file work_14.csv (CSV, C-alpha atoms)
chain,number,residue,atom,x,y,z
Y,243,MET,CA,53.9,-53.4,15.3
Y,244,SER,CA,53.4,-57.1,16.2
Y,245,ASP,CA,51.6,-59.1,13.6
Y,246,TRP,CA,48.9,-61.7,14.4
Y,247,ASN,CA,51.3,-64.7,14.5
Y,248,SER,CA,54.2,-63.1,16.4
Y,249,LEU,CA,51.9,-61.6,19.0
Y,250,HIS,CA,50.2,-65.0,19.6
Y,251,GLN,CA,53.6,-66.6,20.0
Y,252,GLU,CA,54.9,-63.8,22.3
Y,253,ILE,CA,51.9,-64.2,24.6
Y,254,GLN,CA,52.3,-68.0,24.7
Y,255,ASN,CA,56.0,-67.8,25.4
Y,256,ILE,CA,55.4,-65.4,28.3
Y,257,LEU,CA,52.7,-67.6,29.9
Y,258,ASP,CA,54.9,-70.7,29.5
Y,259,TYR,CA,57.7,-68.9,31.3
Y,260,LEU,CA,55.4,-67.8,34.2
Y,261,GLN,CA,54.2,-71.3,34.8
Y,262,LYS,CA,57.5,-73.1,34.3
Y,263,ARG,CA,59.2,-70.8,36.8
Y,264,ASN,CA,56.3,-71.0,39.3
Y,265,LEU,CA,55.3,-67.4,38.8
Y,266,ALA,CA,51.8,-68.5,37.9
Y,267,TYR,CA,49.7,-71.4,39.4
Y,268,PHE,CA,48.0,-72.2,36.1
Y,269,THR,CA,48.0,-70.8,32.6
Y,270,ASN,CA,45.4,-71.2,29.8
Y,271,SER,CA,46.6,-72.0,26.3
Y,272,VAL,CA,46.4,-69.0,23.9
Y,273,SER,CA,43.6,-69.1,21.4
Y,274,LYS,CA,43.5,-67.2,18.2
Y,275,THR,CA,40.8,-66.6,15.6
Y,276,VAL,CA,40.9,-64.4,12.5
Y,277,ASP,CA,40.3,-61.3,14.6
Y,278,THR,CA,41.0,-62.2,18.2
Y,279,ILE,CA,43.9,-63.5,20.4
Y,280,SER,CA,42.8,-64.5,23.8
Y,281,TRP,CA,42.6,-67.5,26.2
Y,282,ALA,CA,41.1,-70.8,25.4
Y,283,ALA,CA,37.9,-70.2,27.3
Y,284,GLY,CA,36.3,-72.8,29.6
Y,285,ARG,CA,32.7,-73.9,29.8
Y,286,GLY,CA,30.9,-70.6,30.4
Y,287,ASN,CA,30.5,-67.2,28.9
Y,288,SER,CA,30.6,-64.9,31.9
Y,289,PHE,CA,33.4,-62.7,30.8
Y,290,LEU,CA,32.3,-59.1,30.6
Y,291,SER,CA,28.7,-60.0,31.2
Y,292,ASN,CA,28.4,-56.4,32.4
Y,293,ARG,CA,30.7,-53.4,32.2
Y,294,GLY,CA,30.4,-52.4,35.9
Y,295,ASP,CA,33.0,-52.9,38.5
Y,296,PRO,CA,33.8,-56.6,39.1
Y,297,THR,CA,32.5,-58.3,42.2
Y,298,ILE,CA,33.8,-61.2,44.2
Y,299,GLU,CA,31.1,-63.4,42.7
Y,300,GLN,CA,32.1,-62.4,39.2
Y,301,TYR,CA,35.8,-63.1,40.0
Y,302,HIS,CA,34.8,-66.5,41.3
Y,303,GLN,CA,32.7,-67.2,38.1
Y,304,TRP,CA,35.7,-66.2,35.9
Y,305,ILE,CA,37.7,-68.9,37.6
Y,306,LEU,CA,35.0,-71.5,37.3
Y,307,ASP,CA,34.5,-70.7,33.6
Y,308,GLY,CA,38.2,-70.5,32.8
Y,309,GLN,CA,37.9,-66.9,31.8
Y,310,TYR,CA,41.6,-65.9,32.3
Y,311,SER,CA,45.0,-66.2,30.7
Y,312,ALA,CA,46.7,-67.1,34.0
Y,313,ILE,CA,46.0,-67.7,37.7
Y,314,LEU,CA,48.9,-66.4,39.7
Y,315,THR,CA,50.3,-68.1,42.8
Y,316,ASP,CA,48.1,-65.9,45.1
Y,317,GLY,CA,44.9,-66.5,43.2
Y,318,SER,CA,45.0,-63.3,41.2
Y,319,LEU,CA,44.1,-63.3,37.5
Y,320,LEU,CA,45.7,-62.1,34.3
Y,321,GLN,CA,43.3,-61.6,31.4
Y,322,VAL,CA,44.8,-60.9,28.0
Y,323,THR,CA,42.8,-60.2,24.9
Y,324,TYR,CA,43.9,-58.5,21.6
Y,325,ASN,CA,41.7,-57.8,18.7
Y,326,PHE,CA,42.8,-57.5,15.1
Y,327,GLU,CA,41.4,-55.8,12.0
Y,328,ASN,CA,43.1,-55.8,8.6
Y,329,GLY,CA,46.2,-57.4,10.1
Y,330,GLU,CA,46.7,-54.7,12.7
Y,331,VAL,CA,45.8,-54.5,16.4
Y,332,SER,CA,42.4,-52.7,16.7
Y,333,GLY,CA,41.9,-53.1,20.4
Y,334,HIS,CA,43.1,-54.8,23.6
Y,335,ARG,CA,42.0,-55.6,27.1
Y,336,LEU,CA,44.9,-56.4,29.5
Y,337,ALA,CA,43.7,-56.9,33.1
Y,338,TYR,CA,45.2,-57.8,36.4
Y,339,VAL,CA,42.5,-58.8,38.9
Y,340,PRO,CA,43.8,-59.2,42.4
Y,341,CYS,CA,42.5,-62.1,44.5
Y,342,PRO,CA,40.0,-60.7,47.0
Y,343,PHE,CA,41.4,-62.9,49.8
Y,344,ASP,CA,44.9,-63.8,51.1
Y,345,ILE,CA,44.6,-67.4,50.2
Y,346,ASP,CA,46.9,-70.0,51.8
Y,347,SER,CA,48.9,-71.3,48.9
Y,348,GLN,CA,48.3,-74.9,50.2
Y,349,PHE,CA,44.6,-74.6,49.4
Y,350,LEU,CA,45.5,-74.0,45.7
Y,351,VAL,CA,47.6,-77.1,45.7
Y,352,GLU,CA,45.1,-79.4,47.5
Y,353,MET,CA,41.9,-78.3,45.6
Y,354,THR,CA,40.9,-76.5,42.5
Y,355,PRO,CA,41.1,-72.7,42.6
Y,356,GLY,CA,37.3,-72.5,42.2
Y,357,ASP,CA,36.8,-74.7,45.3
Y,358,ALA,CA,39.4,-72.7,47.3
Y,359,ILE,CA,37.7,-69.4,46.5
Y,360,GLN,CA,34.3,-70.8,47.3
Y,361,LEU,CA,35.6,-72.1,50.7
Y,362,TYR,CA,36.9,-68.7,51.6
Y,363,MET,CA,33.6,-67.1,50.5
Y,364,MET,CA,31.4,-69.5,52.4
Y,365,GLU,CA,33.5,-70.1,55.5
Y,366,LYS,CA,34.9,-66.5,55.8
Y,367,LEU,CA,38.4,-67.9,56.3
Y,368,GLY,CA,40.0,-64.5,55.8
Y,369,ASP,CA,39.1,-60.8,55.5
Y,370,ILE,CA,38.2,-59.4,52.1
Y,371,ARG,CA,41.0,-57.4,50.7
Y,372,LEU,CA,40.1,-54.1,49.0
Y,373,ARG,CA,42.5,-54.3,46.1
Y,374,SER,CA,41.6,-52.7,42.8
Y,375,PRO,CA,41.8,-54.4,39.4
Y,376,VAL,CA,44.1,-52.8,37.0
Y,377,ARG,CA,43.1,-52.8,33.3
Y,378,PHE,CA,44.8,-51.4,30.2
Y,379,ASP,CA,42.3,-50.9,27.4
Y,380,PHE,CA,42.8,-49.9,23.7
Y,381,ALA,CA,39.5,-49.0,22.1
Y,382,PRO,CA,40.1,-46.4,19.4
Y,383,ALA,CA,36.6,-46.9,17.9
Y,384,GLN,CA,35.1,-45.7,21.3
Y,385,ALA,CA,37.5,-42.7,21.8
Y,386,LYS,CA,35.9,-39.5,22.9
Y,387,PRO,CA,36.4,-36.8,25.5
Y,388,GLY,CA,36.8,-38.6,28.8
Y,389,HIS,CA,37.4,-41.9,27.1
Y,390,PRO,CA,41.0,-42.0,25.6
Y,391,ALA,CA,41.7,-44.5,22.9
Y,392,SER,CA,44.3,-46.1,25.0
Y,393,HIS,CA,43.9,-45.9,28.8
Y,394,LEU,CA,44.5,-47.4,32.2
Y,395,THR,CA,41.4,-48.1,34.3
Y,396,ILE,CA,41.8,-48.4,38.1
Y,397,ASN,CA,39.4,-48.4,41.1
Y,398,SER,CA,36.3,-47.5,39.1
Y,399,SER,CA,35.1,-48.0,35.5
Y,400,THR,CA,34.9,-44.2,35.2
Y,401,CYS,CA,38.6,-43.7,36.2
Y,402,ARG,CA,40.5,-43.7,32.9
Y,403,ILE,CA,44.0,-42.4,32.7
Y,404,ALA,CA,45.2,-41.8,29.2
Y,405,CYS,CA,48.0,-43.8,27.7
Y,406,ALA,CA,50.1,-42.6,24.8
Y,407,ALA,CA,49.7,-45.8,22.8
Y,408,PRO,CA,48.4,-49.4,22.9
Y,409,ILE,CA,50.3,-51.6,25.3
Y,410,ARG,CA,52.6,-54.5,24.4
Y,411,ILE,CA,51.9,-57.7,26.3
Y,412,GLY,CA,55.5,-57.8,27.7
Y,413,ARG,CA,55.2,-54.3,29.2
Y,414,PHE,CA,51.9,-55.2,30.8
Y,415,VAL,CA,53.3,-58.3,32.4
Y,416,ASP,CA,56.4,-56.4,33.5
Y,417,PHE,CA,54.2,-53.7,35.0
Y,418,VAL,CA,52.2,-56.2,37.0
Y,419,TYR,CA,55.2,-58.1,38.5
Y,420,ARG,CA,57.3,-54.9,39.0
Y,421,HIS,CA,54.6,-53.2,41.1
Y,422,PHE,CA,52.7,-56.0,42.7
Y,423,TYR,CA,55.2,-58.8,43.0
Y,424,PRO,CA,58.6,-56.9,43.4
Y,425,LYS,CA,60.4,-59.9,45.1
Y,426,ALA,CA,59.5,-62.2,42.2
Y,427,HIS,CA,60.4,-59.5,39.7
Y,428,ALA,CA,63.8,-59.1,41.3
Y,429,LEU,CA,64.5,-62.9,41.0
Y,430,HIS,CA,63.8,-62.8,37.3
Y,431,THR,CA,65.3,-59.5,36.3
Y,432,ASN,CA,66.6,-60.6,32.9
Y,433,PHE,CA,63.3,-61.9,31.9
Y,434,PHE,CA,61.3,-58.9,32.9
Y,435,THR,CA,63.9,-56.4,31.6
Y,436,ALA,CA,63.6,-58.0,28.2
Y,437,LEU,CA,59.8,-57.7,28.3
Y,438,ALA,CA,59.9,-54.0,29.2
Y,439,PHE,CA,61.0,-52.8,25.7
Y,440,GLY,CA,59.3,-52.5,22.4
Y,441,SER,CA,56.2,-50.7,21.3
Y,442,LEU,CA,52.9,-52.1,19.8
Y,443,GLY,CA,51.9,-49.1,17.7
Y,444,SER,CA,52.2,-45.4,17.1
Y,445,ASP,CA,50.9,-42.8,19.5
Y,446,CYS,CA,47.1,-42.4,19.6
Y,447,ILE,CA,46.7,-39.9,22.4
Y,448,SER,CA,44.7,-36.8,21.7
Y,449,GLN,CA,46.1,-33.3,22.2
Y,450,GLU,CA,43.7,-32.7,25.1
Y,451,ASP,CA,44.7,-35.9,26.9
Y,452,GLY,CA,48.4,-35.3,26.1
Y,453,GLU,CA,48.2,-32.0,28.0
Y,454,GLY,CA,46.8,-33.6,31.1
Y,455,LEU,CA,47.8,-36.6,33.3
Y,456,HIS,CA,48.8,-39.5,31.1
Y,457,LEU,CA,51.1,-42.5,30.9
Y,458,ARG,CA,53.9,-42.9,28.3
Y,459,TRP,CA,56.1,-45.9,27.8
call {"tool": "encode", "arguments": {"input": "work_14.csv", "output": "structure tokens"}}
result
Amino acid sequence: MSDWNSLHQEIQNILDYLQKRNLAYFTNSVSKTVDTISWAAGRGNSFLSNRGDPTIEQYHQWILDGQYSAILTDGSLLQVTYNFENGEVSGHRLAYVPCPFDIDSQFLVEMTPGDAIQLYMMEKLGDIRLRSPVRFDFAPAQAKPGHPASHLTINSSTCRIACAAPIRIGRFVDFVYRHFYPKAHALHTNFFTALAFGSLGSDCISQEDGEGLHLRW
């Protein structure tokens, strides 16, 4: 189990590596309060304004408001939030939000990400890509049949695949690059291999979910 300080440092170290090695376009500093470790949010409060499936407009607003841990080199987002209670992780939301456009990387260099996305939205410079966000949630207080304590959500907010336990930040980042950026993953094998080990907590999967389709690290 990671404590509050070590988890904060682990997240910051991973984000620093991603930006230093040009695996991310921009990373936010990691913010921590008594009960939350997340990103240092920008000027708005649009994050999770609703629980429905995210839209292009919401994705754009997240960029404008700084509601992300990292913007990757293709405009996709990483959003990392852990909640603590009595010194232990009580919840997390680890999301990979693919960019809805294939953005020319030069646009991200020459203008702000928000302006680049707005240009694509207004001028229709490229086709919209139907790529699903991927989110690992840990919400034991909300656990019930059909809503596992730890789960992977893809394609739809109602599609929840049970996970055996809460997910460590390193395993989440390794998962994203291993499956969506395999070339970058192969160029940084030692870094990602080191991330892929270690657990965050004990199993929290129910017997019913354990007997069905589920993920185990």
call {"tool": "closest_residue", "arguments": {"input": "work_14.csv", "among": "Y:Ile256, Y:Ala358, Y:Val331, Y:Val376", "to": "Y:His421", "atoms": "all atoms listed in the file"}}
result
Y:Val376
call {"tool": "residues_near_point", "arguments": {"input": "work_14.csv", "point": "(43.7, -59.0, 18.2)", "cutoff": "9 Å", "atoms": "all atoms listed in the file", "output": "list in words"}}
result
Trp246, Leu249, His250, Lys274, Thr275, Val276, Asp277, Thr278, Ile279, Ser280, Thr323, Tyr324, Asn325, Phe326, Glu327, Gly329, Glu330, Val331, Ser332, Gly333 and His334 of chain Y
call {"tool": "residues_around", "arguments": {"input": "work_14.csv", "residues": "Y:Ile313", "least_positions_apart": "6", "cutoff": "6 Å", "atoms": "all atoms listed in the file", "output": "list in words"}}
result
Ala266, Tyr267, Phe268 and Leu319 of chain Y
call {"tool": "closest_atom_pairs", "arguments": {"input": "work_14.csv", "of": "stretch 366-430 of chain Y", "to": "stretch 340-354 of chain Y", "cutoff": "7 Å", "atoms": "all atoms listed in the file", "output": "CSV"}}
result
residue,atom,partner,partner_atom,distance
Y:Gly368,CA,Y:Phe343,CA,6.4
Y:Asp369,CA,Y:Phe343,CA,6.5
Y:Ile370,CA,Y:Phe343,CA,5.3
Y:Arg371,CA,Y:Pro342,CA,5.1
Y:Leu372,CA,Y:Pro342,CA,6.9
Y:Arg373,CA,Y:Pro340,CA,6.3
Y:Ser374,CA,Y:Pro340,CA,6.9
Y:Pro375,CA,Y:Pro340,CA,6.0
call {"tool": "closest_residue", "arguments": {"input": "work_14.csv", "among": "Y:Thr435, Y:Gln384, Y:Ser444, Y:Ser318", "to": "Y:Ala407", "atoms": "only C-alpha atoms"}}
result
Y:Ser444
call {"tool": "atom_distance", "arguments": {"input": "work_14.csv", "atom1": "atom CA of Y:Asp416", "atom2": "atom CA of Y:Trp281"}}
result
19.2 Å
call {"tool": "atom_distance", "arguments": {"input": "work_14.csv", "atom1": "atom CA of Y:Ala391", "atom2": "atom CA of Y:Asn328"}}
result
18.3 Å
call {"tool": "closest_residue", "arguments": {"input": "work_14.csv", "among": "Y:Asp258, Y:Asp295, Y:Asp357, Y:Glu252", "to": "Y:Thr395", "atoms": "all atoms listed in the file"}}
result
Y:Asp295
call {"tool": "residues_around", "arguments": {"input": "work_14.csv", "residues": "Y:Ser392", "least_positions_apart": "5", "cutoff": "6 Å", "atoms": "only C-alpha atoms", "output": "short mmCIF file (atom, residue, chain, number, x, y, z; two decimals) with C-alpha atoms, in the coordinates of the input"}}
result
data_model
loop_
_atom_site.label_atom_id
_atom_site.label_comp_id
_atom_site.auth_asym_id
_atom_site.auth_seq_id
_atom_site.Cartn_x
_atom_site.Cartn_y
_atom_site.Cartn_z
CA ASP Y 379 42.30 -50.90 27.40
CA PHE Y 380 42.80 -49.90 23.70
CA CYS Y 405 48.00 -43.80 27.70
CA ALA Y 407 49.70 -45.80 22.80
CA PRO Y 408 48.40 -49.40 22.90
#
call {"tool": "atom_distance", "arguments": {"input": "work_14.csv", "atom1": "atom CA of Y:Asn270", "atom2": "atom CA of Y:Tyr362"}}
result
23.5 Å
call {"tool": "closest_residue", "arguments": {"input": "work_14.csv", "among": "Y:Ala385, Y:Met364, Y:Ile253, Y:Val339", "to": "Y:Arg402", "atoms": "only C-alpha atoms"}}
result
Y:Ala385
call {"tool": "closest_residue", "arguments": {"input": "work_14.csv", "among": "Y:Ala383, Y:Val322, Y:Val272, Y:Leu437", "to": "Y:Tyr419", "atoms": "all atoms listed in the file"}}
result
Y:Leu437
call {"tool": "residues_around", "arguments": {"input": "work_14.csv", "residues": "Y:Leu265", "least_positions_apart": "5", "cutoff": "7 Å", "atoms": "all atoms listed in the file", "output": "PDB file with C-alpha atoms, in the coordinates of the input"}}
result
ATOM      1  CA  LEU Y 260      55.400 -67.800  34.200  1.00  0.00           C
ATOM      2  CA  LEU Y 314      48.900 -66.400  39.700  1.00  0.00           C
ATOM      3  CA  THR Y 315      50.300 -68.100  42.800  1.00  0.00           C
TER       4      THR Y 315
END
call {"tool": "residues_around", "arguments": {"input": "work_14.csv", "residues": "Y:Pro390", "least_positions_apart": "3", "cutoff": "7 Å", "atoms": "only C-alpha atoms", "output": "count of residues only"}}
result
6
call {"tool": "residues_around", "arguments": {"input": "work_14.csv", "residues": "Y:Ala282", "least_positions_apart": "4", "cutoff": "10 Å", "atoms": "all atoms listed in the file", "output": "list in words"}}
result
Thr269, Asn270, Ser271, Val272, Ser273, Lys274, Gly308, Gln309, Tyr310 and Ser311 of chain Y
